[in-house]
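Input: a single structure, listed below in structure tokens.
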Amino acid sequence: MRAGKPLLAALAGKRQPTPPIWLMRQAGRYLPEYRDLRAKAATFLDFCYDPALAVEATLQPIRRFGFDGAILFSDILVLPDALGQRVAFESGDGPRLDPIYDAQDLAKLSRQPDWNRLGPVFEALDRLKTALPSDVALIGFCGAPWTVASYMIAGRGTPDQAPARLFAYRHPDLFAALIDRLVDASAEYLIRQLAAGAEAVQIFDSWAGVLPPAEFDRWCVAPIAALAAKVRAKAPEAPIIAFPRGAGTQLAKFAPLVGIDAIGLDTAVEPRAADAVLPGRFALQGNLDPLALIAGGPRLDHEVERVLEGFAAPRAHIFNLGHGILPETPVDNVERLVARVRGETSP
Ligand code: CP3
């Protein structure tokens with residue numbers, strides 16, 4: 001089974017003649033069929049927790065573009081929800097959580113996620129196992145402890161997640177306790193996703209880039225290392241992708257992490273610079289600018305060539321964006337991108 005999936009082969013470190021491709025946030029509002037489907041659920045969380053809708057949302061981009069990877073349709077904030085924090089998504093305005101200000105707020109969280117609440121996620125994975133074409137790999141995911149904690153503290157996305165950074169300086173022990181809880185819960189969550197049918201998992205550290213070096217070591221690298229080690233202990237074969245967005249020159253800190261198989265590069269990273277500081281066994285994933293995908297046309301073609309050339313042999317490359325696809329993206333441009341990467345249109 002595995003040999004037939006180019007994405008899994010690349011994650012095993014084997015460079016593919018054509019890089020396998022999937023896109024972060026590939027299911028979403030840029031697709032008209034997603035908007036129709038989304039209208040069937042009252043809230044975004046209801047949508048995530050309905051296995052039939054989650055399966056359909058996962059499959060939509062596969063049907064349209066034939067990506068090599070299908071990422072489970074869900075969200076990183078279902079974990080705080082399952083830990084008992086109030087989570088809501090306000091349309092067009094991003095997530096809202098009850099912010100955490102002190103020890104009392106932290107004490108209100110459950111020790112363990114409510115696994116029944118997350119049952120529909122595992123059910124969706126189980127159904128996807130059989131619904132996907134045989135050469136498409138099923139990707140599970142979670143948010144990295146730092147990124148999830150940053151939403152839990154602030155109660156929302158902010159330009160630089162300052163509330164969580166300030167909380168971590170003021171109350172390092174409390175913050176460490178939250179991070180530890182997220183490491184344990186996320187590891188168990190990924191292990192359960194793998195048991196339910198995920199063939200690889202990605203850890204999204206979307207806010208890694210706002211941390212100064214010592215904080216980066218403590219709240220980004222160490223928790224991801226601990227999380228990956230826990231997953232490895234239970235699922236030794238499962239490929240793990242880490243996406244430390246904004247890590248920049250701190251990418252080298254991931255080099256010793258034994259549990260990680262691939263690193264996702266954001267738009268600002270020079271692929272050759274990452275290649276120079278990471279052991280050859282890591283596959284690299286990335287890193288087309290989502291804005292180039294909106295721009296389209298010959299400029300998109302040019303940027304695609306630049307990415308393909310940047311991720312030079314012999315290292316395995318998985319083509320992706322440097323961050324999630326944006327709602328404004330024209331569907332035709334995604335088609336053009338896939339054809340280009342697969343060499344179906346000439347440079
Ligand atoms: O990649 C996929 O197609 C799978 C689905 C997926 C979603 N969110 C669906 C979603 C994944 C992998 C995520 C991850 C996620 N969620 C991250 C990490 C990746 C990143 O982009 O940095 C983060 C930080 C979140 C938290 C989150 N969820 C935010 C900040 C928002 C609002 C911004 C936005 O795009 O609206 C969401 C909502 C969300 N998650 C939507 C989707 C499709 C849009 C809501 C809707 O369609 O009603």
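Each chain of the structure tokens is named A, B, ... in the order shown, its residues numbered from 1; ligands are numbered from 1 in display order.
With only C-alpha atoms and all ligand atoms counted, the chains near ligand 1 contribute these residues within 6 Å: Met24, Arg25, Gln26, Ala27, Gly28, Arg29, Phe44, Ile71, Leu72, Phe73, Ser74, Asp75, Ile76, Gly92, Gly94, Pro95, Phe204, Ser206 and Gly324 of chain A.
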Take the selection from the previous step and output its residues with N, CA and C atoms, as an mmCIF file, in the first residue's frame.
```cif
data_model
loop_
_atom_site.group_PDB
_atom_site.id
_atom_site.type_symbol
_atom_site.label_atom_id
_atom_site.label_comp_id
_atom_site.auth_asym_id
_atom_site.auth_seq_id
_atom_site.Cartn_x
_atom_site.Cartn_y
_atom_site.Cartn_z
ATOM 1 N N MET A 24 -1.613 23.287 2.185
ATOM 2 C CA MET A 24 -2.179 23.562 3.500
ATOM 3 C C MET A 24 -3.492 24.322 3.342
ATOM 4 N N ARG A 25 -4.494 23.906 4.094
ATOM 5 C CA ARG A 25 -5.863 24.469 4.043
ATOM 6 C C ARG A 25 -6.498 24.272 2.667
ATOM 7 N N GLN A 26 -6.182 23.117 2.042
ATOM 8 C CA GLN A 26 -6.664 22.892 0.667
ATOM 9 C C GLN A 26 -8.188 22.748 0.581
ATOM 10 N N ALA A 27 -8.831 22.408 1.690
ATOM 11 C CA ALA A 27 -10.297 22.440 1.726
ATOM 12 C C ALA A 27 -10.669 23.782 2.338
ATOM 13 N N GLY A 28 -11.544 24.521 1.684
ATOM 14 C CA GLY A 28 -11.886 25.807 2.298
ATOM 15 C C GLY A 28 -12.646 26.729 1.376
ATOM 16 N N ARG A 29 -12.758 27.956 1.834
ATOM 17 C CA ARG A 29 -13.705 28.894 1.219
ATOM 18 C C ARG A 29 -13.405 29.278 -0.223
ATOM 19 N N PHE A 44 -19.133 26.428 12.612
ATOM 20 C CA PHE A 44 -17.948 25.768 12.075
ATOM 21 C C PHE A 44 -17.605 24.506 12.876
ATOM 22 N N ILE A 71 -5.681 16.126 3.510
ATOM 23 C CA ILE A 71 -5.611 16.465 4.933
ATOM 24 C C ILE A 71 -7.015 16.454 5.511
ATOM 25 N N LEU A 72 -7.136 15.734 6.610
ATOM 26 C CA LEU A 72 -8.403 15.648 7.332
ATOM 27 C C LEU A 72 -9.015 17.031 7.483
ATOM 28 N N PHE A 73 -10.302 17.164 7.216
ATOM 29 C CA PHE A 73 -10.947 18.444 7.460
ATOM 30 C C PHE A 73 -11.330 18.561 8.923
ATOM 31 N N SER A 74 -10.679 19.503 9.612
ATOM 32 C CA SER A 74 -10.960 19.762 11.021
ATOM 33 C C SER A 74 -10.307 21.088 11.362
ATOM 34 N N ASP A 75 -9.950 21.309 12.601
ATOM 35 C CA ASP A 75 -9.239 22.528 12.978
ATOM 36 C C ASP A 75 -8.360 22.244 14.187
ATOM 37 N N ILE A 76 -7.295 23.033 14.342
ATOM 38 C CA ILE A 76 -6.414 22.805 15.493
ATOM 39 C C ILE A 76 -7.121 23.144 16.814
ATOM 40 N N GLY A 92 -16.026 35.105 9.265
ATOM 41 C CA GLY A 92 -15.146 36.124 8.712
ATOM 42 C C GLY A 92 -14.235 36.772 9.741
ATOM 43 N N GLY A 94 -12.574 34.920 12.451
ATOM 44 C CA GLY A 94 -11.648 34.033 13.133
ATOM 45 C C GLY A 94 -12.166 33.482 14.447
ATOM 46 N N PRO A 95 -11.324 32.677 15.109
ATOM 47 C CA PRO A 95 -11.767 31.980 16.310
ATOM 48 C C PRO A 95 -11.874 32.883 17.537
ATOM 49 N N PHE A 204 1.225 21.773 13.242
ATOM 50 C CA PHE A 204 1.237 23.165 12.769
ATOM 51 C C PHE A 204 1.707 24.107 13.882
ATOM 52 N N SER A 206 2.108 27.493 13.706
ATOM 53 C CA SER A 206 1.910 28.680 12.873
ATOM 54 C C SER A 206 2.484 29.947 13.502
ATOM 55 N N GLY A 324 -1.173 28.638 4.531
ATOM 56 C CA GLY A 324 -2.440 28.152 3.993
ATOM 57 C C GLY A 324 -2.935 28.930 2.782
#
```
Just want the 7 Å neighbourhood of segment 77-87 of chain A, counted on only C-alpha atoms, with same-chain residues fewer than 6 positions away dropped. Output as a PDB file with all heavy atoms, in the first residue's frame.
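Output file selection.pdb follows:
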```
ATOM      1  N   ARG A  96     -12.805  32.534  18.432  1.00  0.00           N
ATOM      2  CA  ARG A  96     -12.942  33.205  19.731  1.00  0.00           C
ATOM      3  C   ARG A  96     -13.008  32.149  20.826  1.00  0.00           C
ATOM      4  O   ARG A  96     -13.822  31.230  20.754  1.00  0.00           O
ATOM      5  CB  ARG A  96     -14.237  34.024  19.795  1.00  0.00           C
ATOM      6  CG  ARG A  96     -14.232  35.241  18.904  1.00  0.00           C
ATOM      7  CD  ARG A  96     -13.301  36.326  19.452  1.00  0.00           C
ATOM      8  NE  ARG A  96     -13.357  37.490  18.588  1.00  0.00           N
ATOM      9  CZ  ARG A  96     -12.650  37.637  17.462  1.00  0.00           C
ATOM     10  NH1 ARG A  96     -11.806  36.703  17.078  1.00  0.00           N
ATOM     11  NH2 ARG A  96     -12.766  38.716  16.732  1.00  0.00           N
ATOM     12  N   LEU A  97     -12.140  32.296  21.827  1.00  0.00           N
ATOM     13  CA  LEU A  97     -12.140  31.389  22.966  1.00  0.00           C
ATOM     14  C   LEU A  97     -12.271  32.234  24.227  1.00  0.00           C
ATOM     15  O   LEU A  97     -11.944  33.430  24.206  1.00  0.00           O
ATOM     16  CB  LEU A  97     -10.824  30.590  23.033  1.00  0.00           C
ATOM     17  CG  LEU A  97     -10.460  29.691  21.844  1.00  0.00           C
ATOM     18  CD1 LEU A  97      -9.847  30.478  20.694  1.00  0.00           C
ATOM     19  CD2 LEU A  97      -9.487  28.603  22.281  1.00  0.00           C
ATOM     20  N   ASP A  98     -12.734  31.632  25.322  1.00  0.00           N
ATOM     21  CA  ASP A  98     -12.709  32.356  26.598  1.00  0.00           C
ATOM     22  C   ASP A  98     -11.247  32.464  27.009  1.00  0.00           C
ATOM     23  O   ASP A  98     -10.602  31.442  27.243  1.00  0.00           O
ATOM     24  CB  ASP A  98     -13.499  31.593  27.670  1.00  0.00           C
ATOM     25  CG  ASP A  98     -14.994  31.741  27.473  1.00  0.00           C
ATOM     26  OD1 ASP A  98     -15.406  32.665  26.739  1.00  0.00           O
ATOM     27  OD2 ASP A  98     -15.749  30.925  28.038  1.00  0.00           O
ATOM     28  N   LEU A 109      -9.808  23.844  33.046  1.00  0.00           N
ATOM     29  CA  LEU A 109      -9.648  22.912  31.923  1.00  0.00           C
ATOM     30  C   LEU A 109      -9.602  21.474  32.422  1.00  0.00           C
ATOM     31  O   LEU A 109      -9.097  21.200  33.515  1.00  0.00           O
ATOM     32  CB  LEU A 109      -8.341  23.196  31.175  1.00  0.00           C
ATOM     33  CG  LEU A 109      -8.195  24.564  30.511  1.00  0.00           C
ATOM     34  CD1 LEU A 109      -6.793  24.695  29.923  1.00  0.00           C
ATOM     35  CD2 LEU A 109      -9.251  24.755  29.438  1.00  0.00           C
ATOM     36  N   SER A 110     -10.108  20.566  31.583  1.00  0.00           N
ATOM     37  CA  SER A 110     -10.040  19.152  31.958  1.00  0.00           C
ATOM     38  C   SER A 110      -8.603  18.659  31.854  1.00  0.00           C
ATOM     39  O   SER A 110      -7.805  19.197  31.090  1.00  0.00           O
ATOM     40  CB  SER A 110     -10.902  18.308  31.015  1.00  0.00           C
ATOM     41  OG  SER A 110     -12.100  18.957  30.719  1.00  0.00           O
ATOM     42  N   GLN A 112      -7.825  15.642  30.755  1.00  0.00           N
ATOM     43  CA  GLN A 112      -7.799  14.852  29.518  1.00  0.00           C
ATOM     44  C   GLN A 112      -8.800  15.423  28.539  1.00  0.00           C
ATOM     45  O   GLN A 112      -9.864  15.853  28.969  1.00  0.00           O
ATOM     46  CB  GLN A 112      -8.274  13.426  29.834  1.00  0.00           C
ATOM     47  CG  GLN A 112      -7.280  12.549  30.521  1.00  0.00           C
ATOM     48  CD  GLN A 112      -6.325  11.947  29.528  1.00  0.00           C
ATOM     49  OE1 GLN A 112      -6.701  11.635  28.399  1.00  0.00           O
ATOM     50  NE2 GLN A 112      -5.072  11.804  29.918  1.00  0.00           N
ATOM     51  N   PRO A 113      -8.520  15.403  27.259  1.00  0.00           N
ATOM     52  CA  PRO A 113      -9.566  15.782  26.307  1.00  0.00           C
ATOM     53  C   PRO A 113     -10.761  14.833  26.440  1.00  0.00           C
ATOM     54  O   PRO A 113     -10.597  13.683  26.832  1.00  0.00           O
ATOM     55  CB  PRO A 113      -8.900  15.587  24.935  1.00  0.00           C
ATOM     56  CG  PRO A 113      -7.443  15.428  25.191  1.00  0.00           C
ATOM     57  CD  PRO A 113      -7.273  14.976  26.597  1.00  0.00           C
ATOM     58  N   ASP A 114     -11.937  15.332  26.115  1.00  0.00           N
ATOM     59  CA  ASP A 114     -13.135  14.498  26.061  1.00  0.00           C
ATOM     60  C   ASP A 114     -13.090  13.737  24.732  1.00  0.00           C
ATOM     61  O   ASP A 114     -13.410  14.292  23.680  1.00  0.00           O
ATOM     62  CB  ASP A 114     -14.368  15.418  26.140  1.00  0.00           C
ATOM     63  CG  ASP A 114     -15.674  14.651  26.014  1.00  0.00           C
ATOM     64  OD1 ASP A 114     -15.631  13.433  25.700  1.00  0.00           O
ATOM     65  OD2 ASP A 114     -16.726  15.269  26.225  1.00  0.00           O
ATOM     66  N   ARG A 117     -16.147  13.649  22.514  1.00  0.00           N
ATOM     67  CA  ARG A 117     -16.362  14.877  21.734  1.00  0.00           C
ATOM     68  C   ARG A 117     -15.602  14.793  20.405  1.00  0.00           C
ATOM     69  O   ARG A 117     -16.055  15.265  19.377  1.00  0.00           O
ATOM     70  CB  ARG A 117     -15.873  16.063  22.583  1.00  0.00           C
ATOM     71  CG  ARG A 117     -16.008  17.402  21.930  1.00  0.00           C
ATOM     72  CD  ARG A 117     -17.273  18.111  22.372  1.00  0.00           C
ATOM     73  NE  ARG A 117     -17.323  19.468  21.853  1.00  0.00           N
ATOM     74  CZ  ARG A 117     -18.387  19.981  21.226  1.00  0.00           C
ATOM     75  NH1 ARG A 117     -19.471  19.256  21.057  1.00  0.00           N
ATOM     76  NH2 ARG A 117     -18.362  21.216  20.793  1.00  0.00           N
ATOM     77  N   LEU A 118     -14.391  14.193  20.460  1.00  0.00           N
ATOM     78  CA  LEU A 118     -13.553  14.074  19.259  1.00  0.00           C
ATOM     79  C   LEU A 118     -13.874  12.813  18.440  1.00  0.00           C
ATOM     80  O   LEU A 118     -13.259  12.598  17.386  1.00  0.00           O
ATOM     81  CB  LEU A 118     -12.070  14.102  19.658  1.00  0.00           C
ATOM     82  CG  LEU A 118     -11.608  15.424  20.293  1.00  0.00           C
ATOM     83  CD1 LEU A 118     -10.202  15.286  20.879  1.00  0.00           C
ATOM     84  CD2 LEU A 118     -11.647  16.558  19.276  1.00  0.00           C
ATOM     85  N   VAL A 148      -1.312  26.403  19.829  1.00  0.00           N
ATOM     86  CA  VAL A 148      -2.621  26.186  20.454  1.00  0.00           C
ATOM     87  C   VAL A 148      -2.712  27.000  21.757  1.00  0.00           C
ATOM     88  O   VAL A 148      -3.713  27.682  22.015  1.00  0.00           O
ATOM     89  CB  VAL A 148      -2.874  24.684  20.706  1.00  0.00           C
ATOM     90  CG1 VAL A 148      -4.172  24.472  21.481  1.00  0.00           C
ATOM     91  CG2 VAL A 148      -2.937  23.937  19.374  1.00  0.00           C
TER      92      VAL A 148
END
```
Might you pull out every residue within 9 Å of Ile240 of chain A, with only C-alpha atoms counted and same-chain residues fewer than 5 positions away left off, and present them as a PyMOL selection string?
-> chain A and resi 11+200-203+228+231-232+259-263
Name the residues of segment 78-270 of chain A that fall into alpha helix (DSSP H) according to DSSP on the backbone, using the chain letters and numbers of this document, as a ChimeraX atom specification.
-> /A:78-82,103-107,119-131,145-154,162-170,172-196,213-215,222-234
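Considering the residues A:Ala198, A:Ala185, A:Ala235, A:Ala103 and counting only C-alpha atoms, Trp115 of chain A has its shortest atom-to-atom contact with A:Ala185.
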List the neighbours of segment 210-225 of chain A out to 7 Å using only C-alpha atoms; skip same-chain residues closer than 6 positions along the sequence, and give me the result as a ChimeraX atom specification.
-> /A:144-146,160,183,254,257,259
Mind dumping the selected residues with N, CA, C and O atoms as a tab-separated table (two decimals), in the first residue's frame?
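Final output, out.tsv:
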```tsv
chain	number	residue	atom	x	y	z
A	144	ALA	N	0.69	22.75	17.13
A	144	ALA	CA	1.78	22.56	18.08
A	144	ALA	C	1.35	23.18	19.41
A	144	ALA	O	0.53	24.11	19.44
A	145	PRO	N	1.91	22.67	20.51
A	145	PRO	CA	1.51	23.20	21.82
A	145	PRO	C	1.60	24.73	21.91
A	145	PRO	O	0.68	25.37	22.42
A	146	TRP	N	2.67	25.33	21.42
A	146	TRP	CA	2.81	26.78	21.53
A	146	TRP	C	1.68	27.50	20.78
A	146	TRP	O	1.05	28.41	21.32
A	160	ASP	N	0.72	39.27	16.83
A	160	ASP	CA	1.98	38.64	17.24
A	160	ASP	C	1.82	37.77	18.49
A	160	ASP	O	2.80	37.46	19.15
A	183	VAL	N	1.09	18.94	25.27
A	183	VAL	CA	1.98	17.91	24.70
A	183	VAL	C	1.31	16.54	24.87
A	183	VAL	O	1.18	15.78	23.90
A	254	PHE	N	15.91	22.23	14.69
A	254	PHE	CA	15.13	21.01	14.49
A	254	PHE	C	16.00	19.84	14.03
A	254	PHE	O	15.55	18.69	14.04
A	257	LEU	N	16.13	16.63	16.11
A	257	LEU	CA	14.86	16.00	16.51
A	257	LEU	C	14.63	14.67	15.80
A	257	LEU	O	14.31	14.63	14.62
A	259	GLY	N	12.31	12.37	16.13
A	259	GLY	CA	10.96	11.91	15.80
A	259	GLY	C	10.37	12.51	14.54
A	259	GLY	O	9.33	12.08	14.07
```
Selection: 9 Å around Leu293 of chain A, only C-alpha atoms, excl. self and same-chain fewer than 2 positions, as a short mmCIF file (atom, residue, chain, number, x, y, z; two decimals) with all heavy atoms, in the first residue's frame:
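And here is the file that came out, selection-v8.cif:
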```
data_model
loop_
_atom_site.label_atom_id
_atom_site.label_comp_id
_atom_site.auth_asym_id
_atom_site.auth_seq_id
_atom_site.Cartn_x
_atom_site.Cartn_y
_atom_site.Cartn_z
N LEU A 288 5.70 27.68 -1.83
CA LEU A 288 5.20 28.72 -2.72
C LEU A 288 4.41 29.76 -1.93
O LEU A 288 3.61 29.41 -1.05
CB LEU A 288 4.29 28.08 -3.78
CG LEU A 288 3.71 29.04 -4.82
CD1 LEU A 288 4.77 29.42 -5.85
CD2 LEU A 288 2.50 28.42 -5.53
N ASP A 289 4.60 31.01 -2.27
CA ASP A 289 3.87 32.11 -1.62
C ASP A 289 2.38 32.02 -2.00
O ASP A 289 2.04 32.05 -3.19
CB ASP A 289 4.46 33.44 -2.11
CG ASP A 289 3.92 34.63 -1.34
OD1 ASP A 289 2.89 34.49 -0.65
OD2 ASP A 289 4.54 35.71 -1.46
N PRO A 290 1.47 31.91 -1.01
CA PRO A 290 0.04 31.84 -1.33
C PRO A 290 -0.43 33.04 -2.17
O PRO A 290 -1.40 32.93 -2.92
CB PRO A 290 -0.64 31.84 0.04
CG PRO A 290 0.40 31.39 1.00
CD PRO A 290 1.74 31.79 0.43
N LEU A 291 0.27 34.16 -2.08
CA LEU A 291 -0.12 35.34 -2.87
C LEU A 291 0.23 35.16 -4.35
O LEU A 291 -0.47 35.66 -5.23
CB LEU A 291 0.53 36.60 -2.32
CG LEU A 291 0.02 37.02 -0.93
CD1 LEU A 291 0.78 38.25 -0.43
CD2 LEU A 291 -1.47 37.27 -0.92
N ALA A 295 -2.12 35.57 -7.60
CA ALA A 295 -1.74 36.38 -8.77
C ALA A 295 -1.91 35.58 -10.06
O ALA A 295 -2.44 36.09 -11.06
CB ALA A 295 -0.30 36.87 -8.62
N GLY A 296 -1.47 34.33 -10.07
CA GLY A 296 -1.65 33.46 -11.24
C GLY A 296 -0.82 33.88 -12.43
O GLY A 296 0.14 34.66 -12.31
N GLY A 297 -1.17 33.33 -13.60
CA GLY A 297 -0.53 33.69 -14.86
C GLY A 297 0.95 33.34 -14.90
O GLY A 297 1.42 32.49 -14.14
N LEU A 300 2.94 33.29 -11.67
CA LEU A 300 2.79 32.06 -10.88
C LEU A 300 3.73 30.98 -11.44
O LEU A 300 4.46 30.34 -10.69
CB LEU A 300 1.33 31.56 -10.92
CG LEU A 300 1.10 30.15 -10.35
CD1 LEU A 300 1.48 30.06 -8.88
CD2 LEU A 300 -0.36 29.73 -10.55
N GLU A 303 7.22 31.54 -10.33
CA GLU A 303 7.44 31.24 -8.91
C GLU A 303 7.44 29.73 -8.67
O GLU A 303 8.17 29.23 -7.81
CB GLU A 303 6.40 31.93 -8.03
CG GLU A 303 6.47 33.46 -8.06
CD GLU A 303 7.84 34.02 -7.75
OE1 GLU A 303 8.52 33.50 -6.83
OE2 GLU A 303 8.27 34.97 -8.45
N LEU A 321 2.39 25.04 -0.24
CA LEU A 321 2.51 26.48 -0.07
C LEU A 321 3.38 26.76 1.15
O LEU A 321 3.68 25.86 1.93
CB LEU A 321 1.12 27.10 0.14
CG LEU A 321 0.13 26.91 -1.02
CD1 LEU A 321 -1.24 27.44 -0.62
CD2 LEU A 321 0.64 27.63 -2.27
N ILE A 325 -3.69 28.21 1.94
CA ILE A 325 -4.29 28.84 0.76
C ILE A 325 -5.31 29.89 1.24
O ILE A 325 -6.00 29.69 2.24
CB ILE A 325 -4.96 27.77 -0.13
CG1 ILE A 325 -5.31 28.33 -1.50
CG2 ILE A 325 -6.18 27.16 0.53
CD1 ILE A 325 -5.66 27.24 -2.51
N LEU A 326 -5.41 30.99 0.52
CA LEU A 326 -6.28 32.09 0.94
C LEU A 326 -7.64 32.01 0.23
O LEU A 326 -7.72 31.53 -0.92
CB LEU A 326 -5.59 33.43 0.65
CG LEU A 326 -4.33 33.64 1.50
CD1 LEU A 326 -3.41 34.69 0.90
CD2 LEU A 326 -4.72 34.01 2.93
N THR A 329 -8.28 32.86 -3.54
CA THR A 329 -7.53 32.17 -4.59
C THR A 329 -8.44 31.66 -5.71
O THR A 329 -9.38 30.91 -5.45
CB THR A 329 -6.78 30.96 -3.98
OG1 THR A 329 -6.02 31.44 -2.86
CG2 THR A 329 -5.86 30.31 -4.99
N PRO A 330 -8.17 32.05 -6.97
CA PRO A 330 -8.97 31.49 -8.08
C PRO A 330 -8.68 30.00 -8.27
O PRO A 330 -7.52 29.58 -8.28
CB PRO A 330 -8.48 32.29 -9.31
CG PRO A 330 -7.83 33.52 -8.76
CD PRO A 330 -7.24 33.10 -7.43
N ASN A 333 -6.22 28.90 -10.92
CA ASN A 333 -4.79 29.02 -10.62
C ASN A 333 -4.26 27.78 -9.93
O ASN A 333 -3.11 27.38 -10.11
CB ASN A 333 -4.52 30.26 -9.75
CG ASN A 333 -4.80 31.54 -10.50
OD1 ASN A 333 -5.17 31.51 -11.67
ND2 ASN A 333 -4.62 32.67 -9.83
N VAL A 334 -5.11 27.15 -9.11
CA VAL A 334 -4.69 25.92 -8.43
C VAL A 334 -4.52 24.81 -9.48
O VAL A 334 -3.56 24.03 -9.43
CB VAL A 334 -5.70 25.51 -7.33
CG1 VAL A 334 -5.25 24.25 -6.62
CG2 VAL A 334 -5.89 26.66 -6.33
N LEU A 337 -1.30 25.42 -11.21
CA LEU A 337 -0.18 25.04 -10.35
C LEU A 337 0.07 23.54 -10.41
O LEU A 337 1.21 23.09 -10.61
CB LEU A 337 -0.49 25.46 -8.90
CG LEU A 337 0.34 24.80 -7.80
CD1 LEU A 337 1.79 25.27 -7.86
CD2 LEU A 337 -0.24 25.10 -6.43
#
```
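Candidate residues A:Ala242, A:Gly264, A:Ala168, A:Phe89 were compared for distance to Cys142 of chain A, and the nearest is A:Ala242, using only C-alpha atoms.
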Given only C-alpha atoms as the counted atoms, nearest of A:Phe167, A:Tyr34, A:Phe141, A:Phe67 to Trp22 of chain A = A:Phe67
